[in-house]
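This is start_14.txt (compact mmCIF, C-alpha atoms and all ligand atoms).
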```
# COMPACT_ATOMS: atom_id res chain seq x y z
CA MET A 1 81.87 59.91 -8.03
CA LYS A 2 83.42 56.55 -8.89
CA LYS A 3 87.19 56.54 -8.66
CA VAL A 4 89.12 54.43 -11.15
CA LEU A 5 92.85 53.77 -11.01
CA VAL A 6 94.20 53.64 -14.56
CA THR A 7 97.68 52.11 -14.71
CA GLY A 8 99.48 53.03 -17.93
CA GLY A 9 96.89 55.78 -18.43
CA ALA A 10 99.37 58.10 -20.16
CA GLY A 11 99.81 55.58 -23.00
CA TYR A 12 97.94 55.19 -26.26
CA ILE A 13 94.87 53.20 -25.22
CA GLY A 14 94.97 54.42 -21.63
CA SER A 15 94.79 58.12 -22.55
CA HIS A 16 91.75 57.59 -24.79
CA THR A 17 90.05 55.56 -22.07
CA VAL A 18 90.76 58.29 -19.50
CA VAL A 19 88.98 60.80 -21.76
CA THR A 20 85.93 58.53 -21.99
CA LEU A 21 85.92 57.90 -18.23
CA MET A 22 86.16 61.61 -17.39
CA GLU A 23 83.48 62.53 -19.93
CA ARG A 24 81.16 60.02 -18.25
CA GLY A 25 81.75 61.55 -14.82
CA TYR A 26 84.36 59.14 -13.43
CA HIS A 27 87.38 60.32 -11.43
CA ALA A 28 90.42 58.85 -13.22
CA ILE A 29 93.71 58.49 -11.35
CA ILE A 30 96.67 57.63 -13.57
CA VAL A 31 99.79 55.78 -12.43
CA ASP A 32 102.38 55.64 -15.20
CA ASN A 33 106.18 55.59 -15.19
CA LEU A 34 106.26 57.36 -18.62
CA ASP A 35 108.47 54.56 -19.96
CA ASN A 36 106.59 54.70 -23.27
CA SER A 37 104.60 57.92 -23.03
CA ASN A 38 104.90 61.69 -22.67
CA ALA A 39 103.48 63.89 -19.90
CA GLU A 40 102.21 66.28 -22.60
CA VAL A 41 99.28 63.87 -23.03
CA LEU A 42 97.90 65.19 -19.71
CA ASN A 43 97.63 68.73 -21.14
CA ARG A 44 95.93 67.33 -24.22
CA ILE A 45 93.39 65.45 -22.09
CA ASN A 46 92.78 68.73 -20.25
CA SER A 47 92.10 70.46 -23.60
CA ILE A 48 89.52 67.82 -24.52
CA VAL A 49 87.76 67.34 -21.18
CA GLY A 50 88.41 70.64 -19.41
CA THR A 51 90.16 69.03 -16.42
CA LYS A 52 93.58 67.46 -15.97
CA PRO A 53 93.42 63.87 -14.74
CA ASP A 54 95.18 63.10 -11.45
CA PHE A 55 98.61 61.77 -12.33
CA ILE A 56 101.17 59.94 -10.23
CA GLU A 57 104.48 59.25 -11.95
CA GLY A 58 105.53 55.83 -10.72
CA ASP A 59 106.02 52.17 -11.47
CA VAL A 60 103.36 49.58 -10.71
CA ARG A 61 106.14 47.37 -9.31
CA ASP A 62 106.66 49.95 -6.54
CA ALA A 63 104.47 48.90 -3.59
CA ASP A 64 104.99 52.25 -1.82
CA VAL A 65 103.64 54.19 -4.79
CA LEU A 66 100.57 51.95 -4.98
CA ASP A 67 99.95 52.07 -1.22
CA ARG A 68 100.08 55.86 -1.36
CA VAL A 69 97.55 55.95 -4.20
CA PHE A 70 95.13 53.47 -2.61
CA SER A 71 95.39 55.30 0.73
CA SER A 72 94.81 58.75 -0.81
CA TYR A 73 91.82 57.79 -2.94
CA GLU A 74 89.05 55.31 -2.25
CA ILE A 75 89.54 53.43 -5.49
CA ASP A 76 86.43 51.56 -6.71
CA GLY A 77 88.11 49.68 -9.56
CA VAL A 78 91.26 49.40 -11.62
CA ILE A 79 91.95 49.35 -15.36
CA HIS A 80 95.39 47.85 -15.87
CA PHE A 81 97.08 48.99 -19.09
CA ALA A 82 100.63 49.38 -17.73
CA GLY A 83 103.00 47.06 -19.49
CA LEU A 84 105.36 46.66 -22.41
CA LYS A 85 104.05 45.50 -25.78
CA ALA A 86 106.79 45.18 -28.41
CA VAL A 87 106.89 41.55 -29.57
CA GLY A 88 110.39 41.73 -31.12
CA GLU A 89 111.93 43.41 -28.08
CA SER A 90 110.31 40.79 -25.83
CA VAL A 91 112.23 38.04 -27.67
CA GLU A 92 115.52 39.91 -27.11
CA LYS A 93 114.84 41.07 -23.55
CA PRO A 94 112.39 38.56 -22.04
CA MET A 95 113.14 39.51 -18.42
CA ARG A 96 112.17 43.13 -19.10
CA TYR A 97 108.75 41.81 -20.21
CA TYR A 98 108.22 39.31 -17.41
CA SER A 99 109.27 41.92 -14.87
CA ASN A 100 107.14 44.83 -16.18
CA ASN A 101 104.12 42.80 -17.17
CA VAL A 102 103.93 39.83 -14.80
CA GLU A 103 105.74 41.24 -11.76
CA GLY A 104 103.91 44.56 -12.30
CA SER A 105 100.53 42.81 -12.31
CA ILE A 106 101.34 40.77 -9.19
CA SER A 107 102.48 43.92 -7.38
CA LEU A 108 99.23 45.65 -8.36
CA LEU A 109 97.06 42.69 -7.27
CA LYS A 110 98.82 42.53 -3.89
CA ALA A 111 98.21 46.26 -3.35
CA MET A 112 94.54 45.88 -4.36
CA ASP A 113 94.17 43.04 -1.87
CA ARG A 114 95.79 45.09 0.92
CA HIS A 115 93.32 47.91 0.25
CA ASP A 116 90.19 45.77 -0.30
CA CYS A 117 89.75 46.75 -3.93
CA ARG A 118 89.01 43.66 -6.02
CA LYS A 119 87.63 44.76 -9.40
CA LEU A 120 90.03 44.89 -12.31
CA VAL A 121 89.80 45.22 -16.11
CA PHE A 122 92.91 43.78 -17.74
CA SER A 123 94.41 44.66 -21.15
CA SER A 124 94.86 41.30 -22.78
CA SER A 125 95.43 40.66 -26.45
CA SER A 126 94.34 38.47 -29.35
CA THR A 127 97.95 37.27 -29.29
CA VAL A 128 96.81 34.76 -26.61
CA TYR A 129 95.16 32.74 -29.42
CA GLY A 130 98.57 32.10 -31.06
CA ASP A 131 98.04 30.92 -34.66
CA PRO A 132 94.28 30.21 -34.61
CA VAL A 133 93.00 27.08 -36.37
CA ARG A 134 90.27 29.11 -38.05
CA VAL A 135 88.58 32.53 -38.07
CA PRO A 136 86.53 34.17 -36.65
CA ILE A 137 88.03 33.54 -33.21
CA THR A 138 85.78 32.88 -30.21
CA GLU A 139 86.86 33.19 -26.58
CA ASP A 140 86.89 29.40 -26.07
CA PHE A 141 89.65 28.82 -28.68
CA PRO A 142 92.84 27.19 -27.33
CA LEU A 143 95.36 29.63 -25.89
CA SER A 144 99.06 29.67 -26.71
CA ALA A 145 101.97 32.05 -27.09
CA THR A 146 104.89 32.25 -29.46
CA ASN A 147 106.93 35.00 -27.77
CA PRO A 148 107.61 36.36 -24.26
CA TYR A 149 105.13 39.24 -24.72
CA GLY A 150 102.32 36.77 -25.48
CA GLN A 151 103.52 34.49 -22.67
CA SER A 152 103.33 37.39 -20.22
CA LYS A 153 99.70 38.06 -21.20
CA LEU A 154 98.85 34.35 -20.84
CA MET A 155 100.57 34.18 -17.44
CA ILE A 156 98.62 37.18 -16.18
CA GLU A 157 95.34 35.75 -17.48
CA THR A 158 96.14 32.52 -15.62
CA ILE A 159 96.96 34.35 -12.40
CA LEU A 160 93.67 36.28 -12.58
CA ARG A 161 91.65 33.12 -13.25
CA ASP A 162 93.31 31.32 -10.31
CA LEU A 163 92.69 34.25 -7.95
CA ALA A 164 89.02 34.46 -8.93
CA ASN A 165 88.65 30.69 -8.39
CA ALA A 166 90.23 30.94 -4.96
CA ASN A 167 88.26 33.96 -3.73
CA SER A 168 84.89 35.02 -5.14
CA GLN A 169 85.46 38.62 -4.02
CA TRP A 170 87.80 39.11 -6.97
CA GLN A 171 86.08 40.30 -10.15
CA PHE A 172 88.16 40.31 -13.32
CA THR A 173 87.36 41.20 -16.91
CA LEU A 174 89.97 40.29 -19.49
CA LEU A 175 89.59 42.35 -22.66
CA ARG A 176 91.39 40.65 -25.55
CA TYR A 177 92.03 43.50 -27.95
CA PHE A 178 92.48 42.76 -31.64
CA ASN A 179 94.35 45.57 -33.50
CA PRO A 180 93.82 48.99 -31.87
CA VAL A 181 94.10 51.90 -34.35
CA GLY A 182 92.82 55.44 -34.94
CA ALA A 183 92.75 58.38 -32.54
CA HIS A 184 90.42 60.74 -30.70
CA ALA A 185 88.39 62.78 -33.22
CA SER A 186 89.86 66.05 -31.85
CA GLY A 187 93.30 65.10 -33.21
CA LEU A 188 94.76 66.07 -29.83
CA ILE A 189 95.70 62.59 -28.63
CA GLY A 190 96.80 59.52 -30.58
CA GLU A 191 99.45 56.84 -30.86
CA ASP A 192 103.02 58.17 -30.62
CA PRO A 193 105.42 55.23 -30.81
CA ASN A 194 109.08 55.66 -29.87
CA GLY A 195 111.43 55.10 -32.81
CA ILE A 196 110.33 53.27 -35.94
CA PRO A 197 106.80 51.90 -35.48
CA ASN A 198 106.36 48.13 -35.36
CA ASN A 199 102.66 48.33 -36.19
CA LEU A 200 101.06 48.87 -39.56
CA MET A 201 98.86 51.91 -38.95
CA PRO A 202 101.40 54.28 -37.35
CA TYR A 203 103.92 53.16 -39.97
CA ILE A 204 101.59 54.08 -42.86
CA ALA A 205 100.76 57.41 -41.21
CA GLN A 206 104.44 58.28 -40.74
CA VAL A 207 105.16 57.51 -44.41
CA ALA A 208 102.32 59.88 -45.34
CA VAL A 209 103.85 62.78 -43.34
CA GLY A 210 107.32 62.10 -44.75
CA ARG A 211 108.98 60.69 -41.62
CA LEU A 212 109.51 57.35 -43.38
CA ASN A 213 110.15 56.66 -47.08
CA LYS A 214 107.87 53.75 -47.83
CA LEU A 215 105.84 50.97 -46.29
CA ASN A 216 107.35 47.48 -46.28
CA VAL A 217 104.51 45.04 -46.82
CA PHE A 218 105.53 41.86 -45.01
CA GLY A 219 104.56 39.10 -47.46
CA ASP A 220 102.01 38.80 -50.27
CA ASP A 221 101.84 35.01 -50.40
CA TYR A 222 99.54 34.30 -47.46
CA PRO A 223 96.37 32.27 -48.13
CA THR A 224 94.22 35.46 -48.04
CA GLU A 225 92.30 37.28 -50.77
CA ASP A 226 95.22 39.46 -51.92
CA GLY A 227 98.01 37.47 -50.24
CA THR A 228 98.74 40.06 -47.51
CA GLY A 229 97.98 39.56 -43.80
CA VAL A 230 94.42 40.10 -42.56
CA ARG A 231 93.61 41.65 -39.16
CA ASP A 232 90.66 43.02 -37.20
CA TYR A 233 91.35 46.77 -36.75
CA ILE A 234 89.39 48.35 -33.90
CA HIS A 235 89.01 52.11 -33.33
CA VAL A 236 90.69 53.13 -30.06
CA MET A 237 87.57 55.08 -28.97
CA ASP A 238 85.47 51.92 -29.40
CA LEU A 239 88.09 50.21 -27.25
CA ALA A 240 87.70 52.99 -24.65
CA ASP A 241 83.93 52.36 -24.65
CA ALA A 242 84.56 48.65 -24.07
CA HIS A 243 86.42 49.49 -20.82
CA MET A 244 83.51 51.65 -19.73
CA GLN A 245 81.09 48.79 -20.42
CA ALA A 246 83.35 46.35 -18.56
CA LEU A 247 83.32 48.60 -15.48
CA LEU A 248 79.53 48.83 -15.64
CA HIS A 249 79.05 45.07 -15.83
CA PHE A 250 80.89 43.77 -12.78
CA LYS A 251 78.58 41.71 -10.60
CA PRO A 252 78.84 39.61 -7.44
CA ASP A 253 79.20 36.23 -9.18
CA HIS A 254 81.50 37.69 -11.84
CA GLY A 255 84.65 35.62 -11.37
CA CYS A 256 87.02 36.01 -14.30
CA ARG A 257 85.53 36.63 -17.75
CA ALA A 258 87.30 37.11 -21.09
CA TYR A 259 85.92 39.07 -24.07
CA ASN A 260 87.13 39.63 -27.60
CA ILE A 261 87.26 43.31 -28.48
CA GLY A 262 87.27 43.71 -32.25
CA THR A 263 84.88 44.49 -35.08
CA GLY A 264 84.40 41.01 -36.53
CA ASN A 265 85.76 42.22 -39.90
CA GLY A 266 89.17 41.42 -41.36
CA TYR A 267 91.09 43.80 -43.64
CA SER A 268 94.29 43.06 -45.53
CA VAL A 269 97.44 45.23 -45.47
CA LEU A 270 96.70 46.48 -48.98
CA GLN A 271 93.07 47.26 -48.13
CA MET A 272 94.28 49.30 -45.14
CA LEU A 273 96.78 51.14 -47.32
CA GLN A 274 94.13 52.03 -49.91
CA ALA A 275 91.63 53.17 -47.27
CA PHE A 276 94.28 55.41 -45.70
CA GLU A 277 95.23 56.91 -49.09
CA LYS A 278 91.57 57.67 -49.78
CA ALA A 279 91.03 59.38 -46.40
CA SER A 280 94.27 61.37 -46.45
CA GLY A 281 94.56 62.16 -50.15
CA LYS A 282 98.24 61.11 -49.84
CA ASP A 283 100.10 58.52 -51.88
CA VAL A 284 101.81 55.98 -49.68
CA PRO A 285 104.60 54.21 -51.57
CA TYR A 286 105.19 50.57 -50.66
CA SER A 287 107.18 47.51 -51.63
CA ILE A 288 106.47 43.85 -51.07
CA GLU A 289 109.05 42.30 -48.74
CA ALA A 290 109.59 38.92 -47.10
CA ARG A 291 107.15 37.72 -44.43
CA ARG A 292 107.90 38.97 -40.91
CA SER A 293 108.87 36.07 -38.69
CA GLY A 294 106.14 35.01 -36.28
CA ASP A 295 103.30 36.65 -38.28
CA ILE A 296 100.06 34.76 -38.89
CA ALA A 297 97.94 34.93 -42.06
CA GLU A 298 94.61 35.93 -40.64
CA SER A 299 93.06 37.02 -37.36
CA TYR A 300 89.63 38.44 -36.69
CA ALA A 301 87.18 38.19 -33.85
CA ASN A 302 83.74 36.86 -33.18
CA CYS A 303 82.40 39.52 -30.78
CA GLU A 304 79.02 38.00 -29.86
CA LEU A 305 79.99 37.40 -26.23
CA SER A 306 80.94 41.02 -25.49
CA LYS A 307 77.69 42.12 -27.13
CA GLN A 308 75.63 39.75 -24.99
CA GLU A 309 77.41 40.12 -21.66
CA ILE A 310 78.76 43.68 -21.52
CA ASP A 311 76.47 45.25 -24.12
CA TRP A 312 79.34 46.46 -26.27
CA VAL A 313 79.76 46.58 -30.05
CA ALA A 314 82.23 48.51 -32.21
CA ARG A 315 80.50 51.52 -33.78
CA ARG A 316 83.22 53.22 -35.82
CA ASP A 317 84.01 51.95 -39.32
CA LEU A 318 87.20 51.88 -41.38
CA ASP A 319 86.57 55.35 -42.90
CA GLN A 320 86.30 56.84 -39.41
CA ILE A 321 89.49 55.05 -38.33
CA MET A 322 91.44 56.45 -41.28
CA LYS A 323 90.02 59.96 -40.93
CA ASP A 324 90.94 60.11 -37.24
CA GLN A 325 94.35 58.52 -37.78
CA TRP A 326 95.19 61.12 -40.41
CA ASN A 327 93.79 64.00 -38.37
CA TRP A 328 96.08 63.04 -35.47
CA GLN A 329 99.20 62.41 -37.58
CA SER A 330 98.83 65.46 -39.85
CA ASN A 331 98.28 67.78 -36.86
CA ASN A 332 101.11 66.18 -34.87
CA PRO A 333 103.65 64.92 -37.44
CA ASN A 334 106.18 64.31 -34.66
CA GLY A 335 103.66 63.12 -32.09
CA TYR A 336 103.73 64.81 -28.67
CA LYS A 337 107.22 66.17 -29.36
CA ASP A 338 105.75 68.90 -31.64
P1 LIG A 401 101.48 52.12 -24.45
O1 LIG A 401 102.91 51.73 -24.40
O2 LIG A 401 101.12 53.33 -25.25
O3 LIG A 401 100.90 52.31 -22.97
C1 LIG A 401 101.37 51.58 -21.87
C2 LIG A 401 101.70 52.57 -20.77
O4 LIG A 401 102.16 51.86 -19.61
C3 LIG A 401 102.81 53.56 -21.15
O5 LIG A 401 102.38 54.88 -20.89
C4 LIG A 401 103.99 53.17 -20.26
O6 LIG A 401 104.78 54.29 -19.92
C5 LIG A 401 103.29 52.54 -19.08
N1 LIG A 401 104.08 51.53 -18.35
C6 LIG A 401 104.77 50.49 -18.84
N2 LIG A 401 105.32 49.77 -17.85
C7 LIG A 401 104.95 50.37 -16.69
C8 LIG A 401 105.19 50.10 -15.33
N3 LIG A 401 105.94 49.04 -14.96
N4 LIG A 401 104.65 50.91 -14.40
C9 LIG A 401 103.90 52.00 -14.75
N5 LIG A 401 103.65 52.30 -16.04
C10 LIG A 401 104.16 51.49 -17.00
O7 LIG A 401 100.66 50.85 -24.96
P2 LIG A 401 99.13 50.72 -25.39
O8 LIG A 401 99.08 50.43 -26.84
O9 LIG A 401 98.34 51.83 -24.84
O10 LIG A 401 98.77 49.35 -24.65
C11 LIG A 401 98.17 49.33 -23.36
C12 LIG A 401 97.99 47.89 -22.93
O11 LIG A 401 97.21 47.19 -23.91
C13 LIG A 401 99.29 47.11 -22.79
O12 LIG A 401 99.19 46.26 -21.66
C14 LIG A 401 99.35 46.30 -24.06
O13 LIG A 401 100.07 45.10 -23.90
C15 LIG A 401 97.88 46.02 -24.32
N6 LIG A 401 97.58 45.75 -25.71
C16 LIG A 401 97.96 46.66 -26.67
C17 LIG A 401 97.72 46.38 -28.01
C18 LIG A 401 98.15 47.36 -29.10
O14 LIG A 401 98.30 46.94 -30.23
N7 LIG A 401 98.35 48.63 -28.80
C19 LIG A 401 97.08 45.19 -28.39
C20 LIG A 401 96.68 44.30 -27.37
C21 LIG A 401 96.95 44.59 -26.05
N1 LIG A 402 102.63 44.87 -41.49
C1 LIG A 402 103.31 45.22 -42.64
N2 LIG A 402 104.26 46.20 -42.56
C2 LIG A 402 104.57 46.85 -41.40
C3 LIG A 402 103.85 46.49 -40.23
C4 LIG A 402 102.90 45.48 -40.30
O1 LIG A 402 103.07 44.67 -43.71
O2 LIG A 402 105.45 47.72 -41.39
C5 LIG A 402 101.58 43.83 -41.55
C6 LIG A 402 101.83 42.62 -40.67
O3 LIG A 402 102.58 41.66 -41.38
C7 LIG A 402 100.40 42.15 -40.36
C8 LIG A 402 99.60 43.46 -40.32
O4 LIG A 402 100.37 44.41 -41.05
O5 LIG A 402 99.89 41.36 -41.41
C9 LIG A 402 99.36 44.00 -38.91
O6 LIG A 402 100.61 44.08 -38.22
P1 LIG A 402 100.77 44.80 -36.83
O7 LIG A 402 102.21 44.70 -36.44
O8 LIG A 402 100.17 46.16 -36.91
O9 LIG A 402 99.84 43.95 -35.87
P2 LIG A 402 99.93 42.40 -35.43
O10 LIG A 402 101.00 41.73 -36.21
O11 LIG A 402 100.21 42.47 -33.98
O12 LIG A 402 98.57 41.85 -35.72
```
Structure translated into structure tokens:
Amino acid sequence: MKKVLVTGGAGYIGSHTVVTLMERGYHAIIVDNLDNSNAEVLNRINSIVGTKPDFIEGDVRDADVLDRVFSSYEIDGVIHFAGLKAVGESVEKPMRYYSNNVEGSISLLKAMDRHDCRKLVFSSSSTVYGDPVRVPITEDFPLSATNPYGQSKLMIETILRDLANANSQWQFTLLRYFNPVGAHASGLIGEDPNGIPNNLMPYIAQVAVGRLNKLNVFGDDYPTEDGTGVRDYIHVMDLADAHMQALLHFKPDHGCRAYNIGTGNGYSVLQMLQAFEKASGKDVPYSIEARRSGDIAESYANCELSKQEIDWVARRDLDQIMKDQWNWQSNNPNGYKD
């Protein structure tokens, strides 16, 4: 059985990917320091799959932890989710981001090298395109960053590209996620942000269950159809499938390849709100507020390359996203703390 090390596998995207891996017969080994996750997720994965994934509580910056894991299991490949992702916090505490994300990745790559494991799928982000000159975005668009979180993703992408250029044994796939949303259809696992959510979907869902009073819509004067920001929202289980496809498509001359992971469709904030209200039967009050600093008007992907090269397309539509989001939130109004 193929053994896959999943760093950050207790988190939102990681936990859904672990379910998909285990259901397809892979042996998933999670390393996570639980900085932004809850060990309860392991019980939930057990309820879905019938087995608990192997779990090592530890930090990817800890070489001893990684050496122990690579020595105990013959790891065939790594999916690297572990990292911090809050844009605003990254502006206030840049060193926390460079240390967790960049130092963490370097520590992981050194351990992989020591143990002759050189296949890695990396969680990158559409944030590496900065404010794109046009949409849809293709992988060859210029890269830039406007905050330390985005910088950390760009730095890691650069490191991976340089390593692959220097040594053809390294095989890297960079998945540039657009906006991950939704939850596993069982309603047992989902996104459980600490504190007040930064992202649109968990915010809307928490208003619907009464944890928050109303949605603040950040700006209605963008050059979009209804003036609110447009994004490419991708179901987290489609994202999980993309990791599976990435693992299946490593090859000897692989080098370092980047793929957009989105749907190719853009939806506005108000369209998302209406679709959620329809799926949940709940009214979600909102008010129009000032633009959020650093936001862009519009971002959505061209996903032709991932279709051609890793045989992946998003299969779940907006109705499915909203249904699964609501199923998770209504069954777990306080997330894993219930
Ligand atoms: P998440 O916070 O739910 O999961 C990340 C996990 O990594 C958490 O369980 C956390 O405890 C763990 N972690 C953090 N630092 C660690 C460290 N130093 N050592 C070990 N574990 C550590 O976030 P997510 O939404 O699942 O995102 C996963 C990855 O995808 C991240 O790298 C993120 O930057 C990237 N990404 C996320 C989004 C998004 O909107 N969710 C978009 C693009 C890219
Ligand atoms: N947004 C909003 N209110 C919120 C959170 C987000 O209006 O409470 C808007 C935001 O301005 C953007 C879209 O929703 O247009 C998606 O934002 P999110 O933070 O989820 O993702 P990102 O900005 O990273 O694309």
Using all atoms listed in the file, collect all residues at a distance of at most 8 Å from (97.6, 29.8, -25.2) as written in the file, then present them as a list in words.
Val128, Tyr129, Gly130, Pro142, Leu143, Ser144, Ala145, Gln151 and Leu154 of chain A
Write the residues of the preceding selection, restricted to C-alpha atoms, as a PDB file, in the frame of the given file.
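Written file, result_2.pdb:
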```pdb
ATOM      1  CA  VAL A 128      96.810  34.760 -26.610  1.00  0.00           C
ATOM      2  CA  TYR A 129      95.160  32.740 -29.420  1.00  0.00           C
ATOM      3  CA  GLY A 130      98.570  32.100 -31.060  1.00  0.00           C
ATOM      4  CA  PRO A 142      92.840  27.190 -27.330  1.00  0.00           C
ATOM      5  CA  LEU A 143      95.360  29.630 -25.890  1.00  0.00           C
ATOM      6  CA  SER A 144      99.060  29.670 -26.710  1.00  0.00           C
ATOM      7  CA  ALA A 145     101.970  32.050 -27.090  1.00  0.00           C
ATOM      8  CA  GLN A 151     103.520  34.490 -22.670  1.00  0.00           C
ATOM      9  CA  LEU A 154      98.850  34.350 -20.840  1.00  0.00           C
TER      10      LEU A 154
END
```
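Using only C-alpha atoms and all ligand atoms, the shortest contact distance between ligand LIG 402 (chain A) and any of A:Tyr222, A:Tyr203, A:Trp326, A:Tyr300 is found at A:Tyr203.
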Considering all atoms listed in the file, can you say which of A:His249, A:Val217, A:Val49, A:His243 comes closest to Arg291 (chain A)?
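For Arg291 (chain A), the nearest of the given residues is A:Val217.
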Go through chain A residue by residue and, counting all atoms listed in the file, keep those with an atom at most 8 Å from ligand LIG 401 (chain A); for each kept residue give the shortest atom pair and its distance in Å to one decimal, ordered by chain and increasing number, as a tab-separated table.
```
residue	atom	partner	partner_atom	distance
A:Thr7	CA	A:LIG401	N5	6.1
A:Gly8	CA	A:LIG401	O4	3.4
A:Gly9	CA	A:LIG401	O5	6.1
A:Ala10	CA	A:LIG401	O5	4.5
A:Gly11	CA	A:LIG401	O5	3.4
A:Tyr12	CA	A:LIG401	O9	3.7
A:Ile13	CA	A:LIG401	O9	3.7
A:Gly14	CA	A:LIG401	O9	5.3
A:Ser15	CA	A:LIG401	O9	7.6
A:Val31	CA	A:LIG401	C9	6.0
A:Asp32	CA	A:LIG401	N5	3.7
A:Asn33	CA	A:LIG401	N5	4.2
A:Leu34	CA	A:LIG401	O6	3.6
A:Asp35	CA	A:LIG401	O6	3.7
A:Asn36	CA	A:LIG401	O6	3.8
A:Ser37	CA	A:LIG401	O5	4.3
A:Asn38	CA	A:LIG401	O5	7.5
A:Glu57	CA	A:LIG401	C9	7.8
A:Gly58	CA	A:LIG401	C9	5.8
A:Asp59	CA	A:LIG401	N4	3.5
A:Val60	CA	A:LIG401	N4	4.1
A:Arg61	CA	A:LIG401	N3	5.9
A:His80	CA	A:LIG401	O12	7.1
A:Phe81	CA	A:LIG401	C12	4.1
A:Ala82	CA	A:LIG401	O4	3.5
A:Gly83	CA	A:LIG401	C6	3.9
A:Leu84	CA	A:LIG401	C6	5.3
A:Lys85	CA	A:LIG401	O13	4.4
A:Ser99	CA	A:LIG401	N3	7.9
A:Asn100	CA	A:LIG401	N3	4.5
A:Asn101	CA	A:LIG401	N3	6.9
A:Gly104	CA	A:LIG401	N3	5.6
A:Phe122	CA	A:LIG401	O12	7.8
A:Ser123	CA	A:LIG401	O11	4.7
A:Ser124	CA	A:LIG401	C21	5.1
A:Ser125	CA	A:LIG401	C20	4.0
A:Ser126	CA	A:LIG401	C20	6.6
A:Thr127	CA	A:LIG401	C20	7.4
A:Tyr149	CA	A:LIG401	O13	7.8
A:Lys153	CA	A:LIG401	O13	7.5
A:Arg176	CA	A:LIG401	C20	6.7
A:Tyr177	CA	A:LIG401	C20	4.8
A:Phe178	CA	A:LIG401	C19	6.1
A:Asn179	CA	A:LIG401	O14	5.3
A:Pro180	CA	A:LIG401	O14	5.2
A:Val181	CA	A:LIG401	O14	7.7
A:Glu191	CA	A:LIG401	O2	6.8
A:Asp192	CA	A:LIG401	O2	7.5
A:Pro193	CA	A:LIG401	O2	7.3
A:Asn199	CA	A:LIG401	O14	7.5
```
Surrounding residues as a PyMOL selection string, ligand LIG 402 (chain A), max 6 Å, all atoms listed in the file:
chain A and resi 198-200+203+215-218+229-230+269+292+295
Output for the residues just chosen: C-alpha atoms as a short mmCIF file (atom, residue, chain, number, x, y, z; two decimals), keeping the file's coordinate frame:
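Below is the file selection36.cif, written as the result:
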```
data_model
loop_
_atom_site.label_atom_id
_atom_site.label_comp_id
_atom_site.auth_asym_id
_atom_site.auth_seq_id
_atom_site.Cartn_x
_atom_site.Cartn_y
_atom_site.Cartn_z
CA ASN A 198 106.36 48.13 -35.36
CA ASN A 199 102.66 48.33 -36.19
CA LEU A 200 101.06 48.87 -39.56
CA TYR A 203 103.92 53.16 -39.97
CA LEU A 215 105.84 50.97 -46.29
CA ASN A 216 107.35 47.48 -46.28
CA VAL A 217 104.51 45.04 -46.82
CA PHE A 218 105.53 41.86 -45.01
CA GLY A 229 97.98 39.56 -43.80
CA VAL A 230 94.42 40.10 -42.56
CA VAL A 269 97.44 45.23 -45.47
CA ARG A 292 107.90 38.97 -40.91
CA ASP A 295 103.30 36.65 -38.28
#
```
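For the atom pair formed by CA of Gln271 (chain A) and CA of Thr17 (chain A), the distance is 27.5 Å, given to one decimal.
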Rounded to one decimal, what separation in Å do you get between CA of Ile137 (chain A) and CA of Ser306 (chain A)?
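These two atoms are separated by 12.9 Å.
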Could you state the separation of CA of Gln325 (chain A) and CA of Gly182 (chain A) in Å, given to one decimal place?
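If I compute the distance from CA of Gln325 (chain A) to CA of Gly182 (chain A), I get 4.5 Å.
With all atoms listed in the file taken into account, the protein and nucleic acid residues at most 12 Å from Glu92 (chain A) (excluding it and anything under 6 positions from it in its own chain) are Ala86, Asn147, Pro148 and Tyr149 of chain A.
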Taking into account all atoms listed in the file, which residue in the set A:Ile156, A:Leu66, A:Val236, A:Ile48 is nearest to Ser107 (chain A)?
A:Leu66
Using all atoms listed in the file: which of A:Ser71, A:Arg96, A:Gln206, A:Ala301 has the shortest distance to Arg134 (chain A)
A:Ala301
Closest to Glu298 (chain A) among A:Asn265, A:Lys110, A:Tyr26, A:Tyr336, using all atoms listed in the file?
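For Glu298 (chain A), the nearest of the given residues is A:Asn265.
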Contacts of region 280-288 of chain A at 8 Å (all atoms listed in the file; same-chain gap of 3+ positions) as JSON, numbers by chain:
{"A": [204, 207, 208, 213, 214, 215, 216, 217, 218, 219, 220, 273, 276, 277, 322, 323, 326]}
For Gly187 (chain A), work out the shell of residues within 7 Å, counting all atoms listed in the file and skipping chain neighbours fewer than 3 positions away, then give it as a list in words.
Ala183, His184, Asp324, Asn327, Trp328 and Asn331 of chain A
Using all atoms listed in the file, find each residue in region 180-269 of chain A having at least one atom no more than 10 Å away from region 73-79 of chain A; report its shortest atom-to-atom pair and that distance in Å (one decimal), rows by chain then rising number, as JSON lines.
```
{"residue": "A:His243", "atom": "CA", "partner": "A:Ile79", "partner_atom": "CA", "distance": 7.8}
{"residue": "A:Met244", "atom": "CA", "partner": "A:Ile79", "partner_atom": "CA", "distance": 9.8}
{"residue": "A:Ala246", "atom": "CA", "partner": "A:Ile79", "partner_atom": "CA", "distance": 9.7}
{"residue": "A:Leu247", "atom": "CA", "partner": "A:Gly77", "partner_atom": "CA", "distance": 7.7}
{"residue": "A:Phe250", "atom": "CA", "partner": "A:Gly77", "partner_atom": "CA", "distance": 9.9}
```
Of the listed residues A:Pro132, A:Gly255, A:Pro197, A:Gly227, that which approaches Thr173 (chain A) most closely, counting all atoms listed in the file
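Once distances to Thr173 (chain A) are computed over all atoms listed in the file, the minimum belongs to A:Gly255.
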Distance query Arg44 (chain A) at most 9 Å, all atoms listed in the file, self and fewer than 5 positions along chain excluded, as a ChimeraX atom specification:
/A:49,52,188-189
